[in-house]
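Chemist: For reference, the file structure35.tsv (TSV, C-alpha atoms and all ligand atoms) is included below:
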chain	number	residue	atom	x	y	z
A	103	MET	CA	13.56	-8.69	15.84
A	104	LEU	CA	14.22	-12.33	15.11
A	105	LEU	CA	12.94	-15.38	16.92
A	106	LYS	CA	13.74	-19.00	16.25
A	107	GLN	CA	11.96	-21.86	17.97
A	108	LEU	CA	14.01	-25.04	18.20
A	109	PHE	CA	12.78	-28.46	19.35
A	110	ASP	CA	14.53	-31.39	21.03
A	111	THR	CA	12.60	-34.48	19.97
A	112	GLU	CA	13.94	-36.74	22.73
A	113	THR	CA	12.58	-34.57	25.57
A	114	SER	CA	10.00	-32.51	23.61
A	115	THR	CA	11.74	-29.38	24.85
A	116	PHE	CA	11.55	-26.01	23.11
A	117	THR	CA	14.61	-23.78	22.98
A	118	TYR	CA	14.21	-20.18	21.85
A	119	LEU	CA	16.74	-17.97	20.16
A	120	LEU	CA	15.98	-14.25	20.32
A	121	VAL	CA	18.04	-11.84	18.25
A	122	ASP	CA	18.10	-8.06	18.13
A	123	ALA	CA	17.98	-7.34	14.41
A	124	ALA	CA	20.20	-4.25	14.62
A	125	SER	CA	23.07	-5.34	16.86
A	126	ARG	CA	22.69	-9.12	16.27
A	127	ASP	CA	23.00	-9.64	20.05
A	128	ALA	CA	21.17	-12.81	21.03
A	129	VAL	CA	19.61	-14.55	24.00
A	130	ILE	CA	18.88	-18.26	24.17
A	131	ILE	CA	16.17	-19.61	26.46
A	132	ASP	CA	16.35	-23.21	27.75
A	133	PRO	CA	19.05	-24.85	25.60
A	134	VAL	CA	19.29	-28.64	25.84
A	135	TYR	CA	22.47	-30.63	26.56
A	136	GLY	CA	23.66	-32.36	23.39
A	137	GLN	CA	22.14	-29.75	21.08
A	138	MET	CA	25.00	-27.25	21.15
A	139	GLN	CA	25.98	-27.65	17.51
A	140	ARG	CA	22.37	-27.07	16.43
A	141	ASP	CA	22.28	-23.90	18.55
A	142	LEU	CA	25.67	-22.64	17.30
A	143	ASP	CA	24.57	-23.29	13.71
A	144	ALA	CA	21.36	-21.31	14.30
A	145	LEU	CA	23.35	-18.41	15.75
A	146	LYS	CA	25.67	-18.47	12.76
A	147	GLU	CA	22.77	-18.62	10.32
A	148	LEU	CA	21.30	-15.51	11.96
A	149	ASN	CA	24.71	-13.82	12.10
A	150	ALA	CA	24.14	-13.42	15.82
A	151	GLU	CA	26.36	-13.29	18.89
A	152	LEU	CA	25.09	-15.01	22.03
A	153	LYS	CA	25.08	-12.64	25.01
A	154	TYR	CA	22.87	-14.47	27.51
A	155	ILE	CA	21.75	-18.01	28.25
A	156	VAL	CA	18.53	-17.90	30.23
A	157	GLU	CA	16.75	-20.72	32.04
A	158	THR	CA	13.07	-20.84	32.91
A	159	HIS	CA	13.79	-23.27	35.77
A	160	VAL	CA	15.90	-26.14	37.07
A	161	HIS	CA	14.66	-28.85	34.73
A	162	ALA	CA	13.97	-32.42	35.83
A	163	ASP	CA	13.55	-34.01	32.41
A	164	HIS	CA	16.75	-32.93	30.67
A	165	ILE	CA	20.13	-31.39	31.38
A	166	THR	CA	20.48	-27.81	30.26
A	167	GLY	CA	22.89	-27.06	27.44
A	168	ALA	CA	23.90	-23.87	29.24
A	169	TYR	CA	27.30	-25.02	30.49
A	170	ASP	CA	28.65	-26.12	27.13
A	171	LEU	CA	27.21	-23.09	25.34
A	172	LYS	CA	28.77	-20.77	27.90
A	173	GLN	CA	32.17	-22.40	27.36
A	174	ALA	CA	31.77	-22.08	23.59
A	175	THR	CA	30.49	-18.50	23.45
A	176	ASN	CA	31.37	-16.77	26.73
A	177	ALA	CA	27.72	-15.73	27.09
A	178	LYS	CA	26.41	-14.96	30.58
A	179	PHE	CA	24.07	-17.34	32.39
A	180	ALA	CA	20.90	-16.11	34.07
A	181	ALA	CA	17.97	-17.75	35.83
A	182	GLY	CA	15.23	-16.79	38.24
A	183	VAL	CA	16.22	-15.73	41.74
A	184	GLY	CA	14.05	-18.49	43.19
A	185	THR	CA	16.36	-21.14	41.76
A	186	GLY	CA	19.04	-20.10	44.27
A	187	LEU	CA	21.68	-21.11	41.73
A	188	THR	CA	25.20	-20.03	42.69
A	189	CYS	CA	26.90	-21.15	39.48
A	190	GLY	CA	25.52	-18.47	37.12
A	191	ASP	CA	26.13	-14.80	36.43
A	192	ALA	CA	22.74	-13.30	37.30
A	193	LEU	CA	19.63	-14.20	39.27
A	194	LEU	CA	16.58	-12.30	38.09
A	195	ALA	CA	13.84	-11.08	40.41
A	196	GLU	CA	10.44	-9.59	39.59
A	197	GLY	CA	10.82	-6.71	37.15
A	198	GLU	CA	14.50	-7.30	36.45
A	199	VAL	CA	15.55	-7.33	32.83
A	200	ILE	CA	18.21	-8.49	30.43
A	201	HIS	CA	19.24	-6.15	27.65
A	202	PHE	CA	20.39	-7.57	24.34
A	203	GLY	CA	21.10	-4.87	21.79
A	204	HIS	CA	18.06	-2.60	21.82
A	205	GLU	CA	15.77	-5.37	23.03
A	206	VAL	CA	14.69	-6.15	26.58
A	207	LEU	CA	13.75	-9.44	28.19
A	208	HIS	CA	11.66	-9.06	31.34
A	209	ALA	CA	11.69	-11.61	34.18
A	210	ILE	CA	8.33	-12.66	35.62
A	211	PRO	CA	8.64	-15.01	38.60
A	212	THR	CA	6.03	-17.77	38.20
A	213	PRO	CA	6.70	-20.36	40.95
A	214	GLY	CA	4.64	-23.50	41.30
A	215	HIS	CA	6.07	-26.16	38.99
A	216	THR	CA	9.31	-25.43	40.89
A	217	ASP	CA	10.17	-22.66	43.34
A	218	GLY	CA	12.49	-20.94	40.90
A	219	CYS	CA	10.27	-21.00	37.82
A	220	THR	CA	10.48	-17.73	35.92
A	221	SER	CA	8.67	-16.75	32.75
A	222	TYR	CA	10.07	-14.10	30.46
A	223	ARG	CA	8.45	-11.43	28.33
A	224	TRP	CA	9.95	-10.05	25.16
A	225	ARG	CA	7.67	-7.42	23.60
A	226	ASP	CA	4.27	-9.16	23.32
A	227	ARG	CA	5.71	-12.64	23.60
A	228	LEU	CA	5.72	-14.75	26.74
A	229	PHE	CA	8.16	-17.60	27.32
A	230	THR	CA	6.30	-19.52	29.96
A	231	GLY	CA	8.59	-22.51	30.63
A	232	ASP	CA	6.60	-25.26	32.34
A	233	THR	CA	4.27	-22.84	34.12
A	234	LEU	CA	1.82	-22.55	31.23
A	235	LEU	CA	1.89	-25.18	28.49
A	236	ILE	CA	-0.48	-25.41	25.53
A	237	ASN	CA	-3.74	-26.76	26.98
A	238	ALA	CA	-1.77	-27.90	30.02
A	239	CYS	CA	0.63	-26.82	32.76
A	240	GLY	CA	3.71	-28.22	34.48
A	241	ARG	CA	3.36	-30.85	37.19
A	242	THR	CA	3.79	-30.01	40.86
A	243	ASP	CA	4.70	-33.31	42.46
A	244	PHE	CA	8.48	-32.82	42.88
A	245	GLN	CA	11.16	-30.09	43.20
A	246	GLN	CA	9.20	-27.89	45.66
A	247	GLY	CA	6.13	-28.11	43.42
A	248	SER	CA	3.08	-26.28	44.76
A	249	PRO	CA	-0.35	-26.43	43.06
A	250	GLU	CA	-1.43	-23.29	44.89
A	251	ASN	CA	1.61	-21.31	43.76
A	252	LEU	CA	1.21	-22.63	40.23
A	253	TYR	CA	-2.45	-21.57	40.16
A	254	ASN	CA	-1.45	-18.05	41.24
A	255	SER	CA	1.35	-17.92	38.67
A	256	ILE	CA	-0.94	-18.99	35.84
A	257	GLN	CA	-3.43	-16.32	36.90
A	258	LYS	CA	-0.58	-13.82	36.83
A	259	LEU	CA	0.22	-14.77	33.22
A	260	LEU	CA	-3.46	-14.51	32.29
A	261	THR	CA	-3.40	-10.81	33.22
A	262	PHE	CA	-1.59	-10.18	29.93
A	263	SER	CA	-3.93	-9.34	27.09
A	264	ASP	CA	-5.38	-12.08	24.89
A	265	ASP	CA	-3.11	-11.38	21.94
A	266	TYR	CA	0.13	-12.05	23.83
A	267	ILE	CA	1.80	-15.07	22.24
A	268	VAL	CA	2.65	-18.00	24.50
A	269	TYR	CA	5.85	-19.93	23.83
A	270	PRO	CA	5.88	-22.95	26.15
A	271	GLY	CA	8.82	-24.97	27.49
A	272	HIS	CA	7.49	-28.23	26.11
A	273	ASP	CA	4.81	-29.71	23.96
A	274	TYR	CA	4.07	-33.40	23.65
A	275	ASN	CA	1.30	-33.12	21.05
A	276	GLY	CA	2.95	-31.49	18.06
A	277	LEU	CA	1.79	-27.96	18.94
A	278	ARG	CA	4.20	-25.03	18.82
A	279	ILE	CA	2.71	-21.77	20.04
A	280	SER	CA	-0.43	-20.46	21.65
A	281	SER	CA	-1.76	-17.17	23.00
A	282	ILE	CA	-3.17	-15.96	26.28
A	283	GLY	CA	-6.61	-15.76	24.63
A	284	GLN	CA	-6.41	-19.34	23.34
A	285	GLU	CA	-5.33	-20.67	26.72
A	286	LYS	CA	-8.15	-18.82	28.48
A	287	GLN	CA	-10.55	-20.46	26.04
A	288	ASN	CA	-9.16	-23.98	25.72
A	289	ASN	CA	-6.85	-24.91	28.60
A	290	PRO	CA	-8.64	-27.49	30.78
A	291	TYR	CA	-6.54	-26.39	33.77
A	292	ILE	CA	-7.93	-22.87	33.39
A	293	VAL	CA	-11.44	-23.03	31.90
A	294	ASN	CA	-14.11	-23.08	34.64
A	295	THR	CA	-11.49	-24.16	37.19
A	296	SER	CA	-11.44	-22.67	40.69
A	297	LYS	CA	-8.27	-22.65	42.76
A	298	GLU	CA	-9.63	-25.53	44.85
A	299	GLU	CA	-10.46	-27.60	41.77
A	300	PHE	CA	-7.03	-26.88	40.28
A	301	ILE	CA	-5.26	-28.01	43.46
A	302	GLU	CA	-7.39	-31.16	43.61
A	303	LYS	CA	-6.62	-31.95	39.97
A	304	MET	CA	-2.86	-31.36	40.35
A	305	ASN	CA	-2.71	-33.54	43.47
A	306	ASN	CA	-4.28	-36.45	41.63
A	307	LEU	CA	-2.34	-36.63	38.36
A	308	ASN	CA	-0.40	-39.76	39.44
A	309	LEU	CA	2.31	-39.27	36.83
A	310	PRO	CA	5.38	-41.51	36.56
A	311	LYS	CA	8.70	-40.07	37.77
A	312	PRO	CA	10.61	-38.33	34.93
A	313	LYS	CA	13.15	-40.77	33.48
A	314	LYS	CA	16.14	-38.45	33.74
A	315	ILE	CA	15.36	-36.64	37.00
A	316	ASP	CA	18.21	-38.21	39.00
A	317	GLU	CA	20.86	-37.05	36.55
A	318	SER	CA	19.15	-33.84	35.39
A	319	VAL	CA	18.46	-32.01	38.64
A	320	PRO	CA	21.99	-32.30	40.15
A	321	ALA	CA	23.59	-31.27	36.82
A	322	ASN	CA	21.18	-28.38	36.37
A	323	LEU	CA	21.92	-27.16	39.90
A	324	ARG	CA	25.49	-26.86	38.56
A	325	CYS	CA	24.18	-24.79	35.60
A	326	GLY	CA	24.43	-27.81	33.34
A	327	ASN	CA	27.92	-29.01	34.15
A	328	ALA	CA	27.25	-32.69	33.60
A	329	ARG	CA	30.82	-33.82	34.03
A	330	ILE	CA	31.17	-33.60	37.80
A	331	ALA	CA	29.85	-36.48	39.85
A	332	ALA	CA	26.83	-35.47	41.93
B	1	FE	FE	10.15	-28.70	34.15
Would you mind writing the file out in structure tokens?
Ligand SMILES: [Fe+2]
Modeler:
Amino acid sequence: MLLKQLFDTETSTFTYLLVDAASRDAVIIDPVYGQMQRDLDALKELNAELKYIVETHVHADHITGAYDLKQATNAKFAAGVGTGLTCGDALLAEGEVIHFGHEVLHAIPTPGHTDGCTSYRWRDRLFTGDTLLINACGRTDFQQGSPENLYNSIQKLLTFSDDYIVYPGHDYNGLRISSIGQEKQNNPYIVNTSKEEFIEKMNNLNLPKPKKIDESVPANLRCGNARIAA
């Protein structure tokens, strides 16, 4: 199996390219608008054919690169069922999977940051989107955010064993990967934090509105088609 982690410096977003080593069928998770050539080059370098474009959620901080990639490759688009997206090819519910070659990507609904947030598991690797970040978690103050749901979703991810690797949707501190064990030990939103304390903390973050939310959310609700007026 092959895995490439790509990073968009403008939005600190991770994109993941997963390739079945035998068939060279590939899945991309959370591509970023404007990075298509980078992604196509990575596919070429790995001699891979893109079969699926998968989103962890409807992003507020950047437009997905899904639309352009789909036009360029004819790959299918999938997201979590909770997104309610009508522009894609598949909406994945709990336990549903995507096959690429001999490999399987499992959908794990993890609402809280948004209603439609879905994490994905590939072997012992978890792609956690904005549900579980390294020493952090996604915010819950817009897009149907719910601290209580996010708490439950993080607890759900923590049921995986300590050696599962965590690949987050973003990192703003130069970190790349983590593990369930490391997050249990170090994440200030997890360590010694009751559900009540978590909710209190999330409700008092007082973060500024994401710069690109007004353009990103409408375009992402169209699966990344940024060319139609909202
Ligand atoms: Fe997000």
Chemist: Counting all atoms listed in the file, what residues are within 7 Å of ligand FE 1 (chain B), given as a list in words?
Modeler: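 Using all atoms listed in the file, I find these residues within 7 Å of ligand FE 1 (chain B): His159, Val160, His161, Ala162, Asp163, His215, Asp232 and Gly240 of chain A.
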Chemist: In Å, with one decimal, what is the gap from atom CA of A:Gly136 to atom CA of A:Ile155?
Modeler: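 These two atoms are separated by 15.3 Å.
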Chemist: State, in Å with one decimal place, the distance from atom CA of A:Pro211 to atom CA of A:Gly197.
Modeler: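 These atoms are spaced 8.7 Å apart.
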Chemist: Show me the residues around (8.8, -8.3, 38.1) - criterion: an atom at most 7 Å away, all atoms listed in the file counted - as a PyMOL selection string.
Modeler: chain A and resi 195-198+209-211
Chemist: Env of A:Leu235: 12 Å cut, atoms = all atoms listed in the file, seq-sep filter 5 positions within chain, self excluded. Answer as an mmCIF file with C-alpha atoms, in the frame of the given file.
Modeler:
data_model
loop_
_atom_site.group_PDB
_atom_site.id
_atom_site.type_symbol
_atom_site.label_atom_id
_atom_site.label_comp_id
_atom_site.auth_asym_id
_atom_site.auth_seq_id
_atom_site.Cartn_x
_atom_site.Cartn_y
_atom_site.Cartn_z
ATOM 1 C CA SER A 114 10.000 -32.510 23.610
ATOM 2 C CA THR A 115 11.740 -29.380 24.850
ATOM 3 C CA PHE A 116 11.550 -26.010 23.110
ATOM 4 C CA HIS A 215 6.070 -26.160 38.990
ATOM 5 C CA SER A 221 8.670 -16.750 32.750
ATOM 6 C CA LEU A 228 5.720 -14.750 26.740
ATOM 7 C CA PHE A 229 8.160 -17.600 27.320
ATOM 8 C CA THR A 230 6.300 -19.520 29.960
ATOM 9 C CA GLY A 240 3.710 -28.220 34.480
ATOM 10 C CA ARG A 241 3.360 -30.850 37.190
ATOM 11 C CA ILE A 256 -0.940 -18.990 35.840
ATOM 12 C CA LEU A 259 0.220 -14.770 33.220
ATOM 13 C CA ILE A 267 1.800 -15.070 22.240
ATOM 14 C CA VAL A 268 2.650 -18.000 24.500
ATOM 15 C CA TYR A 269 5.850 -19.930 23.830
ATOM 16 C CA PRO A 270 5.880 -22.950 26.150
ATOM 17 C CA GLY A 271 8.820 -24.970 27.490
ATOM 18 C CA HIS A 272 7.490 -28.230 26.110
ATOM 19 C CA ASP A 273 4.810 -29.710 23.960
ATOM 20 C CA TYR A 274 4.070 -33.400 23.650
ATOM 21 C CA ASN A 275 1.300 -33.120 21.050
ATOM 22 C CA LEU A 277 1.790 -27.960 18.940
ATOM 23 C CA ARG A 278 4.200 -25.030 18.820
ATOM 24 C CA ILE A 279 2.710 -21.770 20.040
ATOM 25 C CA SER A 280 -0.430 -20.460 21.650
ATOM 26 C CA SER A 281 -1.760 -17.170 23.000
ATOM 27 C CA ILE A 282 -3.170 -15.960 26.280
ATOM 28 C CA GLN A 284 -6.410 -19.340 23.340
ATOM 29 C CA GLU A 285 -5.330 -20.670 26.720
ATOM 30 C CA LYS A 286 -8.150 -18.820 28.480
ATOM 31 C CA ASN A 288 -9.160 -23.980 25.720
ATOM 32 C CA ASN A 289 -6.850 -24.910 28.600
ATOM 33 C CA PRO A 290 -8.640 -27.490 30.780
ATOM 34 C CA TYR A 291 -6.540 -26.390 33.770
ATOM 35 C CA ILE A 292 -7.930 -22.870 33.390
#
Chemist: Which of these residues is nearest to A:Pro213, using all atoms listed in the file: A:Leu252, A:Leu260, A:Val183, A:Val199?
Modeler: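 With all atoms listed in the file as the atom set, the closest residue is A:Leu252.
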Chemist: Tell me, in Å to one decimal, how far atom CA of A:Thr212 is from atom CA of A:Gly186.
Modeler: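 Interatomic distance here is 14.5 Å.
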Chemist: From the options A:Ile236, A:Ala144, A:Met304, A:Ala123, which residue's atoms come nearest to A:Gln287, counting all atoms listed in the file?
Modeler: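 Comparing A:Ile236, A:Ala144, A:Met304, A:Ala123 against A:Gln287, the winner is A:Ile236.
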Chemist: Using all atoms of stretch 193-211 of chain A that appear in the file, construct an axis-aligned enclosing box with 5 Å of padding on every side and provide its centre coordinates and edge lengths in Å, rounded to one decimal, as lines of an AutoDock Vina configuration file.
Modeler:
center_x = 14.7
center_y = -8.8
center_z = 31.1
size_x = 22.8
size_y = 22.4
size_z = 28.6
Chemist: From the options A:Val121, A:Asp264, A:Asn305, A:Ile315, which residue's atoms come nearest to A:Glu205, counting all atoms listed in the file?
Modeler: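 Looking only at the distances to A:Glu205, the closest residue turns out to be A:Val121.
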Chemist: Do you know which residues are at most 10 Å from A:Asp122 counting all atoms listed in the file, after dropping those on the same chain fewer than 2 positions away, and could you put them as a PyMOL selection string?
Modeler: chain A and resi 103-105+120+124-129+150-151+201-206
Chemist: Next, write the just-selected residues to a file, as a compact mmCIF listing (two decimals), in the coordinates of the input, keeping C-alpha atoms as the atom set.
Modeler:
# COMPACT_ATOMS: atom_id res chain seq x y z
CA MET A 103 13.56 -8.69 15.84
CA LEU A 104 14.22 -12.33 15.11
CA LEU A 105 12.94 -15.38 16.92
CA LEU A 120 15.98 -14.25 20.32
CA ALA A 124 20.20 -4.25 14.62
CA SER A 125 23.07 -5.34 16.86
CA ARG A 126 22.69 -9.12 16.27
CA ASP A 127 23.00 -9.64 20.05
CA ALA A 128 21.17 -12.81 21.03
CA VAL A 129 19.61 -14.55 24.00
CA ALA A 150 24.14 -13.42 15.82
CA GLU A 151 26.36 -13.29 18.89
CA HIS A 201 19.24 -6.15 27.65
CA PHE A 202 20.39 -7.57 24.34
CA GLY A 203 21.10 -4.87 21.79
CA HIS A 204 18.06 -2.60 21.82
CA GLU A 205 15.77 -5.37 23.03
CA VAL A 206 14.69 -6.15 26.58
Chemist: Go through A:Leu119, A:Leu234, A:Leu145, A:Ala328 and flag the residue nearest A:Lys258, using all atoms listed in the file for the distances.
Modeler: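 Ranked by minimum distance to A:Lys258, first place goes to A:Leu234.
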Chemist: Just checking: using only C-alpha atoms, which residue out of A:Ala180, A:Leu307, A:Ala174, A:Ile200 ends up closest to A:Asp132?
Modeler: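 Closest to A:Asp132, using only C-alpha atoms: A:Ala180.
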Chemist: Save stretch 195-217 of chain A to a file: N, CA and C atoms, as a PDB file, in the first residue's frame.
Modeler:
ATOM      1  N   ALA A 195     -22.666   5.934   4.821  1.00  0.00           N
ATOM      2  CA  ALA A 195     -23.183   5.836   6.191  1.00  0.00           C
ATOM      3  C   ALA A 195     -22.256   4.941   7.007  1.00  0.00           C
ATOM      4  N   GLU A 196     -22.552   4.842   8.283  1.00  0.00           N
ATOM      5  CA  GLU A 196     -21.774   3.998   9.203  1.00  0.00           C
ATOM      6  C   GLU A 196     -21.538   2.611   8.606  1.00  0.00           C
ATOM      7  N   GLY A 197     -20.299   2.201   8.560  1.00  0.00           N
ATOM      8  CA  GLY A 197     -19.987   0.840   8.103  1.00  0.00           C
ATOM      9  C   GLY A 197     -19.887   0.695   6.593  1.00  0.00           C
ATOM     10  N   GLU A 198     -20.254   1.726   5.850  1.00  0.00           N
ATOM     11  CA  GLU A 198     -20.150   1.601   4.386  1.00  0.00           C
ATOM     12  C   GLU A 198     -18.696   1.800   3.961  1.00  0.00           C
ATOM     13  N   VAL A 199     -18.356   1.207   2.850  1.00  0.00           N
ATOM     14  CA  VAL A 199     -16.948   1.194   2.442  1.00  0.00           C
ATOM     15  C   VAL A 199     -16.778   1.588   0.973  1.00  0.00           C
ATOM     16  N   ILE A 200     -15.550   1.955   0.674  1.00  0.00           N
ATOM     17  CA  ILE A 200     -15.142   2.199  -0.709  1.00  0.00           C
ATOM     18  C   ILE A 200     -14.038   1.203  -1.010  1.00  0.00           C
ATOM     19  N   HIS A 201     -14.156   0.506  -2.096  1.00  0.00           N
ATOM     20  CA  HIS A 201     -13.106  -0.424  -2.503  1.00  0.00           C
ATOM     21  C   HIS A 201     -12.225   0.253  -3.545  1.00  0.00           C
ATOM     22  N   PHE A 202     -10.938   0.152  -3.363  1.00  0.00           N
ATOM     23  CA  PHE A 202     -10.011   0.594  -4.425  1.00  0.00           C
ATOM     24  C   PHE A 202      -8.959  -0.507  -4.558  1.00  0.00           C
ATOM     25  N   GLY A 203      -8.990  -1.182  -5.706  1.00  0.00           N
ATOM     26  CA  GLY A 203      -8.168  -2.375  -5.864  1.00  0.00           C
ATOM     27  C   GLY A 203      -8.544  -3.374  -4.787  1.00  0.00           C
ATOM     28  N   HIS A 204      -7.531  -3.878  -4.076  1.00  0.00           N
ATOM     29  CA  HIS A 204      -7.796  -4.840  -3.002  1.00  0.00           C
ATOM     30  C   HIS A 204      -7.969  -4.155  -1.654  1.00  0.00           C
ATOM     31  N   GLU A 205      -7.891  -2.853  -1.639  1.00  0.00           N
ATOM     32  CA  GLU A 205      -7.943  -2.105  -0.379  1.00  0.00           C
ATOM     33  C   GLU A 205      -9.358  -1.610  -0.097  1.00  0.00           C
ATOM     34  N   VAL A 206      -9.607  -1.340   1.178  1.00  0.00           N
ATOM     35  CA  VAL A 206     -10.943  -0.918   1.603  1.00  0.00           C
ATOM     36  C   VAL A 206     -10.839   0.307   2.502  1.00  0.00           C
ATOM     37  N   LEU A 207     -11.644   1.300   2.205  1.00  0.00           N
ATOM     38  CA  LEU A 207     -11.732   2.496   3.045  1.00  0.00           C
ATOM     39  C   LEU A 207     -13.095   2.461   3.748  1.00  0.00           C
ATOM     40  N   HIS A 208     -13.059   2.528   5.070  1.00  0.00           N
ATOM     41  CA  HIS A 208     -14.283   2.404   5.871  1.00  0.00           C
ATOM     42  C   HIS A 208     -14.756   3.776   6.342  1.00  0.00           C
ATOM     43  N   ALA A 209     -16.041   4.051   6.199  1.00  0.00           N
ATOM     44  CA  ALA A 209     -16.603   5.323   6.668  1.00  0.00           C
ATOM     45  C   ALA A 209     -17.003   5.213   8.133  1.00  0.00           C
ATOM     46  N   ILE A 210     -16.634   6.255   8.890  1.00  0.00           N
ATOM     47  CA  ILE A 210     -16.981   6.314  10.317  1.00  0.00           C
ATOM     48  C   ILE A 210     -17.613   7.691  10.570  1.00  0.00           C
ATOM     49  N   PRO A 211     -18.932   7.765  10.623  1.00  0.00           N
ATOM     50  CA  PRO A 211     -19.536   9.080  10.874  1.00  0.00           C
ATOM     51  C   PRO A 211     -19.062   9.650  12.216  1.00  0.00           C
ATOM     52  N   THR A 212     -18.555  10.898  12.171  1.00  0.00           N
ATOM     53  CA  THR A 212     -18.067  11.557  13.389  1.00  0.00           C
ATOM     54  C   THR A 212     -18.587  13.002  13.402  1.00  0.00           C
ATOM     55  N   PRO A 213     -19.903  13.186  13.562  1.00  0.00           N
ATOM     56  CA  PRO A 213     -20.462  14.543  13.542  1.00  0.00           C
ATOM     57  C   PRO A 213     -20.017  15.362  14.757  1.00  0.00           C
ATOM     58  N   GLY A 214     -20.141  16.668  14.617  1.00  0.00           N
ATOM     59  CA  GLY A 214     -19.796  17.548  15.738  1.00  0.00           C
ATOM     60  C   GLY A 214     -19.201  18.854  15.243  1.00  0.00           C
ATOM     61  N   HIS A 215     -18.090  18.753  14.504  1.00  0.00           N
ATOM     62  CA  HIS A 215     -17.533  19.955  13.850  1.00  0.00           C
ATOM     63  C   HIS A 215     -18.560  20.439  12.819  1.00  0.00           C
ATOM     64  N   THR A 216     -19.084  19.513  12.026  1.00  0.00           N
ATOM     65  CA  THR A 216     -20.275  19.735  11.193  1.00  0.00           C
ATOM     66  C   THR A 216     -21.117  18.462  11.309  1.00  0.00           C
ATOM     67  N   ASP A 217     -22.359  18.577  10.860  1.00  0.00           N
ATOM     68  CA  ASP A 217     -23.266  17.413  10.898  1.00  0.00           C
ATOM     69  C   ASP A 217     -22.758  16.245  10.064  1.00  0.00           C
TER      70      ASP A 217
END
